[in-house]
file target.txt (compact mmCIF, C-alpha atoms)
# COMPACT_ATOMS: atom_id res chain seq x y z
CA MET Y 1 2.23 -3.93 35.57
CA MET Y 2 -1.39 -5.09 35.64
CA LEU Y 3 -3.54 -4.04 32.70
CA THR Y 4 -6.67 -2.08 33.49
CA LYS Y 5 -10.10 -3.46 32.60
CA LEU Y 6 -10.35 -0.88 29.80
CA THR Y 7 -6.98 -1.96 28.40
CA VAL Y 8 -8.08 -5.59 28.47
CA SER Y 9 -11.33 -4.75 26.70
CA MET Y 10 -9.57 -2.78 23.97
CA ALA Y 11 -6.86 -5.41 23.57
CA LEU Y 12 -9.50 -8.09 23.08
CA MET Y 13 -10.85 -6.12 20.13
CA VAL Y 14 -7.46 -5.56 18.48
CA SER Y 15 -5.62 -8.82 19.17
CA LEU Y 16 -7.61 -11.46 17.36
CA ALA Y 17 -5.45 -12.24 14.35
CA GLY Y 18 -5.30 -15.85 15.47
CA CYS Y 19 -9.05 -16.15 14.81
CA SER Y 20 -8.89 -15.79 11.05
CA ASP Y 21 -11.71 -16.91 8.80
CA SER Y 22 -11.59 -20.13 6.85
CA PRO Y 23 -10.47 -19.75 3.20
CA ALA Y 24 -14.03 -20.11 1.85
CA PRO Y 25 -16.46 -17.76 3.66
CA ALA Y 26 -20.10 -18.70 3.69
CA ASP Y 27 -21.23 -16.22 1.03
CA ALA Y 28 -18.52 -17.13 -1.48
CA GLY Y 29 -20.97 -18.58 -3.96
CA ASN Y 30 -22.90 -15.32 -4.24
CA ASP Y 31 -20.10 -12.90 -5.03
CA ALA Y 32 -18.54 -13.90 -8.34
CA PRO Y 33 -19.03 -11.08 -10.85
CA PRO Y 34 -20.75 -11.92 -14.11
CA GLY Y 35 -18.46 -12.74 -17.01
CA SER Y 36 -14.98 -14.20 -17.03
CA ASP Y 37 -12.86 -11.30 -15.85
CA THR Y 38 -9.12 -11.85 -15.63
CA PRO Y 39 -7.06 -9.71 -13.22
CA PRO Y 40 -4.45 -7.35 -14.68
CA THR Y 41 -0.91 -8.67 -14.66
CA SER Y 42 0.55 -5.58 -13.01
CA ASP Y 43 -0.06 -6.79 -9.45
CA THR Y 44 2.92 -8.36 -7.69
CA PRO Y 45 2.75 -11.21 -5.16
CA THR Y 46 2.82 -10.29 -1.51
CA THR Y 47 6.19 -10.80 0.18
CA SER Y 48 6.91 -10.73 3.90
CA GLY Y 49 6.81 -7.17 5.18
CA ALA Y 50 5.15 -5.81 2.02
CA VAL Y 51 1.70 -4.27 1.74
CA PRO Y 52 -0.57 -7.23 0.86
CA ALA Y 53 -1.26 -7.14 -2.89
CA ASP Y 54 -4.92 -8.13 -2.48
CA ILE Y 55 -5.53 -5.27 -0.03
CA LEU Y 56 -3.89 -2.68 -2.29
CA ARG Y 57 -5.85 -4.01 -5.27
CA THR Y 58 -9.12 -3.86 -3.35
CA CYS Y 59 -8.48 -0.28 -2.27
CA SER Y 60 -7.52 0.70 -5.82
CA PHE Y 61 -10.89 -0.61 -7.06
CA THR Y 62 -12.91 1.04 -4.28
CA ASN Y 63 -11.15 4.30 -5.15
CA ALA Y 64 -11.48 4.06 -8.93
CA CYS Y 65 -15.12 2.96 -8.68
CA SER Y 66 -16.07 5.39 -5.87
CA PHE Y 67 -17.17 2.37 -3.84
CA GLY Y 68 -16.48 3.47 -0.28
CA PRO Y 69 -19.38 2.58 2.04
CA VAL Y 70 -17.36 -0.06 3.92
CA VAL Y 71 -13.69 0.92 3.71
CA GLY Y 72 -13.58 4.51 2.44
CA ALA Y 73 -12.32 5.93 -0.84
CA PRO Y 74 -8.76 7.32 -0.27
CA VAL Y 75 -6.29 4.55 -1.16
CA ASP Y 76 -4.00 5.03 1.85
CA ARG Y 77 -6.82 5.25 4.41
CA CYS Y 78 -8.56 2.23 2.87
CA VAL Y 79 -5.36 0.16 3.13
CA GLU Y 80 -4.96 1.16 6.78
CA SER Y 81 -8.58 0.16 7.46
CA LEU Y 82 -8.27 -3.26 5.80
CA VAL Y 83 -4.92 -3.93 7.47
CA ARG Y 84 -6.48 -3.27 10.89
CA ASP Y 85 -9.34 -5.61 10.05
CA ARG Y 86 -6.95 -8.35 8.95
CA LEU Y 87 -4.91 -8.01 12.14
CA GLN Y 88 -8.08 -8.06 14.23
CA GLY Y 89 -9.57 -11.00 12.38
CA GLY Y 90 -12.49 -8.78 11.36
CA PHE Y 91 -13.93 -8.60 14.87
CA SER Y 92 -13.97 -4.82 15.14
CA GLY Y 93 -17.20 -4.87 13.16
CA GLY Y 94 -18.31 -8.47 13.67
CA ALA Y 95 -19.40 -11.12 11.19
CA ILE Y 96 -21.31 -8.68 8.97
CA ARG Y 97 -18.32 -6.42 8.32
CA ARG Y 98 -16.11 -9.49 7.91
CA GLN Y 99 -18.43 -10.80 5.19
CA GLN Y 100 -18.53 -7.42 3.43
CA ILE Y 101 -14.73 -7.09 3.38
CA ASP Y 102 -14.23 -10.69 2.25
CA ARG Y 103 -16.57 -9.95 -0.65
CA LEU Y 104 -14.75 -6.74 -1.65
CA VAL Y 105 -11.41 -8.57 -1.70
CA ARG Y 106 -12.78 -11.44 -3.77
CA CYS Y 107 -14.52 -9.11 -6.21
CA ALA Y 108 -11.35 -7.07 -6.67
CA GLY Y 109 -9.43 -10.27 -7.32
CA THR Y 110 -11.46 -11.12 -10.42
CA ALA Y 111 -12.84 -7.85 -11.80
CA THR Y 112 -11.24 -5.84 -14.60
CA SER Y 113 -13.76 -3.01 -14.70
CA CYS Y 114 -15.74 -0.85 -12.30
CA ASP Y 115 -18.98 -2.27 -13.66
CA ALA Y 116 -17.94 -5.84 -12.83
CA PHE Y 117 -16.49 -4.87 -9.44
CA THR Y 118 -19.53 -2.81 -8.42
CA ARG Y 119 -22.11 -5.42 -9.47
CA CYS Y 120 -20.16 -8.08 -7.61
CA ALA Y 121 -19.64 -5.94 -4.50
CA ARG Y 122 -23.31 -5.06 -4.19
CA LEU Y 123 -24.50 -8.63 -4.93
CA ASP Y 124 -26.33 -7.41 -8.05
CA THR Y 125 -28.85 -5.50 -5.94
CA ALA Y 126 -30.46 -2.36 -7.35
CA ALA Y 127 -28.75 1.01 -7.09
CA CYS Y 128 -30.09 3.36 -4.43
CA THR Y 129 -32.90 5.77 -5.26
CA ALA Y 130 -33.73 6.75 -1.67
CA ALA Y 131 -31.83 6.83 1.62
CA GLY Y 132 -32.76 4.03 4.00
CA ALA Y 133 -32.62 0.26 4.42
CA ARG Y 134 -34.47 -2.50 2.63
CA CYS Y 135 -34.41 -6.23 1.92
CA GLU Y 136 -33.92 -7.80 -1.50
CA GLY Y 137 -34.77 -11.38 -0.70
CA GLN Y 138 -32.40 -12.27 2.14
CA VAL Y 139 -29.90 -9.52 1.25
CA ALA Y 140 -29.94 -6.45 3.50
CA VAL Y 141 -29.32 -3.20 1.58
CA THR Y 142 -28.44 0.11 3.25
CA CYS Y 143 -28.38 3.33 1.23
CA SER Y 144 -26.70 6.25 2.97
CA ARG Y 145 -27.74 8.70 0.26
CA SER Y 146 -30.75 9.06 -2.00
CA SER Y 147 -28.61 8.62 -5.12
CA ASP Y 148 -25.82 6.13 -4.55
CA ASN Y 149 -24.74 3.34 -6.86
CA VAL Y 150 -22.85 1.58 -4.09
CA PRO Y 151 -25.09 0.57 -1.18
CA GLU Y 152 -23.77 -1.41 1.78
CA VAL Y 153 -25.08 -4.95 1.36
CA THR Y 154 -25.06 -8.08 3.53
CA ASP Y 155 -26.07 -11.62 2.64
CA CYS Y 156 -28.09 -12.44 5.76
CA ALA Y 157 -28.75 -16.05 4.74
CA ALA Y 158 -25.01 -16.74 4.49
CA LEU Y 159 -24.76 -15.87 8.19
CA GLY Y 160 -27.72 -18.04 9.14
CA LEU Y 161 -29.79 -14.89 9.70
CA THR Y 162 -32.95 -13.39 8.23
CA CYS Y 163 -33.38 -10.00 6.54
CA ASP Y 164 -35.98 -7.90 8.33
CA ALA Y 165 -36.54 -4.23 7.39
CA GLY Y 166 -32.99 -3.94 6.10
CA ASP Y 167 -31.30 -5.61 9.10
CA CYS Y 168 -29.83 -9.10 9.42
CA VAL Y 169 -31.54 -10.48 12.52
CA GLY Y 170 -31.74 -13.85 14.23
CA PRO Y 171 -33.69 -16.68 12.63
CA ALA Y 172 -37.33 -15.66 12.24
CA PRO Y 173 -39.23 -14.50 14.14
CA ALA Y 174 -36.98 -11.61 15.16
CA THR Y 175 -36.43 -11.22 18.92
CA ALA Y 176 -37.04 -7.75 20.34
CA CYS Y 177 -34.51 -6.30 22.80
CA ALA Y 178 -33.73 -3.04 24.57
CA PRO Y 179 -30.58 -1.29 23.27
CA VAL Y 180 -28.08 -0.44 26.02
CA VAL Y 181 -25.84 2.61 25.63
CA ASN Y 182 -22.15 1.71 25.15
CA MET Y 183 -22.86 -2.03 25.26
CA THR Y 184 -23.90 -3.71 22.04
CA THR Y 185 -22.86 -7.30 22.84
CA LEU Y 186 -25.33 -9.00 25.15
CA ARG Y 187 -24.18 -12.58 25.51
CA CYS Y 188 -22.71 -15.69 23.93
CA ASP Y 189 -24.92 -18.22 22.19
CA GLY Y 190 -22.71 -21.22 21.54
CA THR Y 191 -20.00 -19.97 19.17
CA ALA Y 192 -21.89 -16.80 18.25
CA LEU Y 193 -22.10 -13.28 19.65
CA VAL Y 194 -25.59 -11.94 20.30
CA ARG Y 195 -26.01 -8.18 20.30
CA CYS Y 196 -28.91 -5.75 20.33
CA GLU Y 197 -29.15 -3.78 17.09
CA PRO Y 198 -30.82 -0.40 17.69
CA ARG Y 199 -33.41 0.84 15.21
CA SER Y 200 -34.37 4.37 14.28
CA ASP Y 201 -37.55 4.23 16.40
CA GLY Y 202 -35.57 3.51 19.58
CA THR Y 203 -36.43 -0.18 19.73
CA GLY Y 204 -33.96 -2.97 19.13
CA VAL Y 205 -33.73 -6.43 17.60
CA GLU Y 206 -31.31 -9.22 18.45
CA VAL Y 207 -28.59 -10.00 15.91
CA ARG Y 208 -26.72 -13.29 16.15
CA GLU Y 209 -23.26 -13.18 14.56
CA PRO Y 210 -21.20 -16.39 14.36
CA CYS Y 211 -17.53 -16.32 15.37
CA PRO Y 212 -15.01 -17.31 12.66
CA THR Y 213 -13.89 -20.88 12.22
CA GLY Y 214 -11.48 -21.82 15.00
CA ALA Y 215 -12.86 -19.24 17.42
CA ALA Y 216 -15.17 -19.44 20.41
CA CYS Y 217 -17.40 -16.88 22.07
CA VAL Y 218 -15.99 -16.00 25.49
CA ALA Y 219 -17.90 -13.91 28.05
CA GLU Y 220 -15.71 -11.37 29.82
CA GLY Y 221 -17.27 -9.09 32.40
CA ARG Y 222 -20.27 -7.28 30.89
CA SER Y 223 -19.25 -8.06 27.34
CA ALA Y 224 -18.22 -10.98 25.14
CA ASN Y 225 -15.69 -11.53 22.39
CA CYS Y 226 -14.63 -14.11 19.83
CA LEU Y 227 -11.28 -15.58 20.91
CA PRO Y 228 -9.16 -18.52 19.75
CA ALA Y 229 -11.01 -21.71 20.61
CA VAL Y 230 -7.79 -23.25 21.94
CA PRO Y 231 -6.31 -20.76 24.46
CA VAL Y 232 -2.54 -20.29 24.73
CA PRO Y 233 -1.65 -19.76 28.42
CA CYS Y 234 0.88 -17.18 29.58
CA THR Y 235 2.17 -16.00 32.96
CA THR Y 236 3.28 -12.33 32.83
CA PRO Y 237 0.73 -9.64 31.92
CA GLY Y 238 1.92 -7.09 29.37
CA THR Y 239 2.85 -6.58 25.72
CA THR Y 240 6.13 -7.44 24.02
CA CYS Y 241 7.63 -7.74 20.54
CA GLN Y 242 8.80 -11.08 19.18
CA GLY Y 243 10.36 -10.07 15.90
CA SER Y 244 7.57 -8.45 13.87
CA THR Y 245 4.85 -10.01 16.05
CA VAL Y 246 3.01 -8.25 18.90
CA VAL Y 247 2.49 -10.64 21.82
CA ARG Y 248 -0.04 -9.73 24.49
CA CYS Y 249 -0.56 -11.60 27.74
CA LEU Y 250 -3.99 -10.66 29.05
CA PRO Y 251 -5.42 -11.36 32.51
CA LEU Y 252 -8.98 -12.51 31.80
CA THR Y 253 -11.63 -13.96 34.05
CA SER Y 254 -10.94 -17.38 32.55
CA GLY Y 255 -7.18 -17.06 33.18
CA MET Y 256 -4.07 -15.60 31.56
CA ARG Y 257 -4.27 -15.84 27.77
CA GLU Y 258 -1.78 -14.99 25.04
CA LEU Y 259 -2.91 -13.20 21.89
CA ARG Y 260 -0.71 -12.42 18.88
CA GLU Y 261 -0.69 -10.01 15.95
CA ASP Y 262 1.55 -10.90 12.99
CA CYS Y 263 2.43 -7.37 11.89
CA GLY Y 264 4.77 -8.62 9.16
CA SER Y 265 1.91 -10.34 7.34
CA VAL Y 266 0.38 -6.95 6.50
CA GLY Y 267 3.48 -4.90 5.71
CA MET Y 268 4.08 -3.66 9.25
CA THR Y 269 6.43 -4.42 12.12
CA CYS Y 270 6.29 -4.45 15.91
CA GLY Y 271 7.46 -1.30 17.70
CA THR Y 272 6.38 1.80 19.57
CA VAL Y 273 5.04 5.11 18.31
CA VAL Y 274 7.18 8.16 18.98
CA GLY Y 275 5.24 10.42 21.30
CA GLY Y 276 2.51 7.80 21.75
CA SER Y 277 1.89 4.78 23.92
CA ARG Y 278 4.98 2.94 25.16
CA ASP Y 279 3.26 -0.40 24.62
CA PRO Y 280 4.48 -2.23 21.51
CA GLN Y 281 2.03 -2.30 18.60
CA CYS Y 282 1.96 -2.83 14.85
CA ILE Y 283 3.57 0.17 13.15
CA PRO Y 284 4.52 0.82 9.49
CA ALA Y 285 7.60 -1.12 8.43
CA GLY Y 286 8.42 1.21 5.55
CA THR Y 287 10.67 4.23 6.01
CA GLU Y 288 10.38 5.81 2.55
CA CYS Y 289 7.77 8.35 3.62
CA THR Y 290 5.74 9.53 6.58
CA SER Y 291 1.98 9.88 6.41
CA PRO Y 292 0.72 13.30 7.50
CA THR Y 293 -1.41 13.79 10.56
CA TYR Y 294 -4.83 13.27 9.04
CA THR Y 295 -7.33 16.10 9.40
CA THR Y 296 -10.68 16.96 7.83
CA ALA Y 297 -8.84 19.25 5.43
CA MET Y 298 -6.25 16.54 4.65
CA PRO Y 299 -7.84 13.11 5.03
CA SER Y 300 -5.27 11.42 2.79
CA SER Y 301 -1.66 11.58 1.63
CA ALA Y 302 -2.68 10.67 -1.94
CA ARG Y 303 -1.91 13.02 -4.81
CA CYS Y 304 -2.06 12.84 -8.59
CA GLU Y 305 0.98 12.38 -10.80
CA GLY Y 306 -0.33 12.35 -14.33
CA ALA Y 307 -2.87 9.52 -14.56
CA ASP Y 308 -1.50 7.81 -11.44
CA ILE Y 309 -2.21 8.11 -7.73
CA VAL Y 310 0.86 8.38 -5.49
CA ALA Y 311 0.38 7.95 -1.74
CA CYS Y 312 2.30 7.08 1.40
CA VAL Y 313 0.99 3.61 2.31
CA LEU Y 314 2.34 2.13 5.53
CA GLY Y 315 5.59 4.07 5.15
CA ARG Y 316 6.07 3.13 1.49
CA THR Y 317 5.67 5.45 -1.51
CA THR Y 318 3.03 3.59 -3.50
CA ARG Y 319 1.88 4.23 -7.08
CA VAL Y 320 -1.52 3.13 -8.40
CA ARG Y 321 -1.95 3.17 -12.17
CA CYS Y 322 -5.55 4.24 -12.73
CA ALA Y 323 -5.58 2.57 -16.15
CA ASP Y 324 -5.22 -0.81 -14.45
CA PHE Y 325 -8.60 -0.34 -12.77
CA GLY Y 326 -10.78 0.86 -15.60
CA ALA Y 327 -10.09 4.58 -15.14
CA THR Y 328 -8.44 6.99 -17.56
CA ALA Y 329 -7.25 9.83 -15.33
CA CYS Y 330 -6.45 10.92 -11.79
CA GLY Y 331 -8.22 13.89 -10.27
CA MET Y 332 -8.78 15.58 -6.92
CA VAL Y 333 -12.23 15.25 -5.35
CA THR Y 334 -12.51 17.79 -2.56
CA THR Y 335 -9.41 16.84 -0.55
CA PHE Y 336 -8.08 13.54 -1.89
CA ALA Y 337 -7.10 11.92 -5.17
CA ILE Y 338 -9.24 9.40 -7.03
CA CYS Y 339 -9.02 7.55 -10.33
CA ARG Y 340 -11.82 8.47 -12.73
call {"tool": "encode", "arguments": {"input": "target.txt", "output": "structure tokens"}}
result
Amino acid sequence: MMLTKLTVSMALMVSLAGCSDSPAPADAGNDAPPGSDTPPTSDTPTTSGAVPADILRTCSFTNACSFGPVVGAPVDRCVESLVRDRLQGGFSGGAIRRQQIDRLVRCAGTATSCDAFTRCARLDTAACTAAGARCEGQVAVTCSRSSDNVPEVTDCAALGLTCDAGDCVGPAPATACAPVVNMTTLRCDGTALVRCEPRSDGTGVEVREPCPTGAACVAEGRSANCLPAVPVPCTTPGTTCQGSTVVRCLPLTSGMRELREDCGSVGMTCGTVVGGSRDPQCIPAGTECTSPTYTTAMPSSARCEGADIVACVLGRTTRVRCADFGATACGMVTTFAICR
């Protein structure tokens, strides 16, 4: 059965695990927290089919430190978000989100306190005192609230960009553009995506975001995506499971191309969702528990058990000891559990 253009477009955005970043992202030198923190010894190494230890640790810190501008605060929802990003190679949000997530993971890997994690995660920029965006040197800082210790920050220089009014834009001078509804990617520029970033006054400015190492920018219809630089050809359109790997054969303008998602690398497996799409996809590998249908009233499965958080994470009952992340107790904030 031929895939529709919409299916192809969506699959391009969710099937880019083969385009992973190099081990040392460009902003690595800017993110080490002050001091010589040593990680707790309670974390266990990641094994095949298990929730990645670095993702769970990152989400435990963002929860305990109320640092949720990029990935959210509930532990289970944060893990799901980071797992999707890892499977997609970070392309759902582009190079900026990829840099931000890389930094959170690295900061969580070395920090032993919320102070160290937060200073590292926000690149030692000042806490927010007013909502809005600003530049601190070549670091773009976005404050969603007037009083927020955890702004969303991006090292523009590490991406080869320039900070302008709180946005990372192309090398100076910034190039004006006209934002187009439902189409943010304009074109390819070598191995980079160029999109039009809308501003609050209705104008736009071009943002150039490099593809990860080993990826190339490929124009497809009215859009463009980062895809593996060396294409793997295939012959039959559709999606199948090969063990715990999702294999998609996509009919693109440039020819049939195979894209893979290694579900097992993030604690998932390949299968179908009961009552959902019949196409294979990455689904939780664990069978110990079932996450509830998330609603505004119940945005998380996490609950408190003493000073620990217990949540259903990718089908596994997972316990987070708040004491391991600089907190002393577990409590409910509105509708989900946090360490505090």
call {"tool": "residues_around", "arguments": {"input": "target.txt", "residues": "Asp262 in chain Y", "least_positions_apart": "2", "cutoff": "7 Å", "atoms": "only C-alpha atoms", "output": "CSV table (one decimal) with C-alpha atoms, in the frame of the given file"}}
result
chain,number,residue,atom,x,y,z
Y,244,SER,CA,7.6,-8.4,13.9
Y,245,THR,CA,4.8,-10.0,16.0
Y,246,VAL,CA,3.0,-8.2,18.9
Y,260,ARG,CA,-0.7,-12.4,18.9
Y,264,GLY,CA,4.8,-8.6,9.2
Y,265,SER,CA,1.9,-10.3,7.3
call {"tool": "closest_residue", "arguments": {"input": "target.txt", "among": "Y:Val150, Y:Val266, Y:Ala95, Y:Ile101", "to": "Cys59 in chain Y", "atoms": "only C-alpha atoms"}}
result
Y:Ile101
call {"tool": "closest_residue", "arguments": {"input": "target.txt", "among": "Y:Gly326, Y:Gly315, Y:Pro231, Y:Gly204", "to": "Thr175 in chain Y", "atoms": "only C-alpha atoms"}}
result
Y:Gly204
call {"tool": "residues_near_point", "arguments": {"input": "target.txt", "point": "(-1.6, 11.1, -9.9)", "cutoff": "12 Å", "atoms": "all atoms listed in the file", "output": "list in words"}}
result
Val75, Ser301, Ala302, Arg303, Cys304, Glu305, Gly306, Ala307, Asp308, Ile309, Val310, Ala311, Thr318, Arg319, Val320, Arg321, Cys322, Ala323, Ala327, Thr328, Ala329, Cys330, Gly331, Met332, Phe336, Ala337, Ile338, Cys339 and Arg340 of chain Y
call {"tool": "atom_distance", "arguments": {"input": "target.txt", "atom1": "CA of Ala297 in chain Y", "atom2": "CA of Val333 in chain Y"}}
result
12.0 Å
call {"tool": "residues_around", "arguments": {"input": "target.txt", "residues": "Cys168 in chain Y", "least_positions_apart": "6", "cutoff": "7 Å", "atoms": "only C-alpha atoms", "output": "compact mmCIF listing (two decimals) with C-alpha atoms, in the coordinates of the input"}}
result
# COMPACT_ATOMS: atom_id res chain seq x y z
CA ALA Y 140 -29.94 -6.45 3.50
CA CYS Y 156 -28.09 -12.44 5.76
CA LEU Y 161 -29.79 -14.89 9.70
CA THR Y 162 -32.95 -13.39 8.23
CA VAL Y 207 -28.59 -10.00 15.91
call {"tool": "residues_around", "arguments": {"input": "target.txt", "residues": "range 287-289 of chain Y", "least_positions_apart": "6", "cutoff": "9 Å", "atoms": "all atoms listed in the file", "output": "list in words"}}
result
Cys312, Val313, Leu314, Gly315, Arg316 and Thr317 of chain Y
call {"tool": "residues_near_point", "arguments": {"input": "target.txt", "point": "(-9.9, -6.0, 6.7)", "cutoff": "12 Å", "atoms": "all atoms listed in the file", "output": "PyMOL selection string"}}
result
chain Y and resi 17+20-21+52+54-56+58-59+70-72+77-105+266
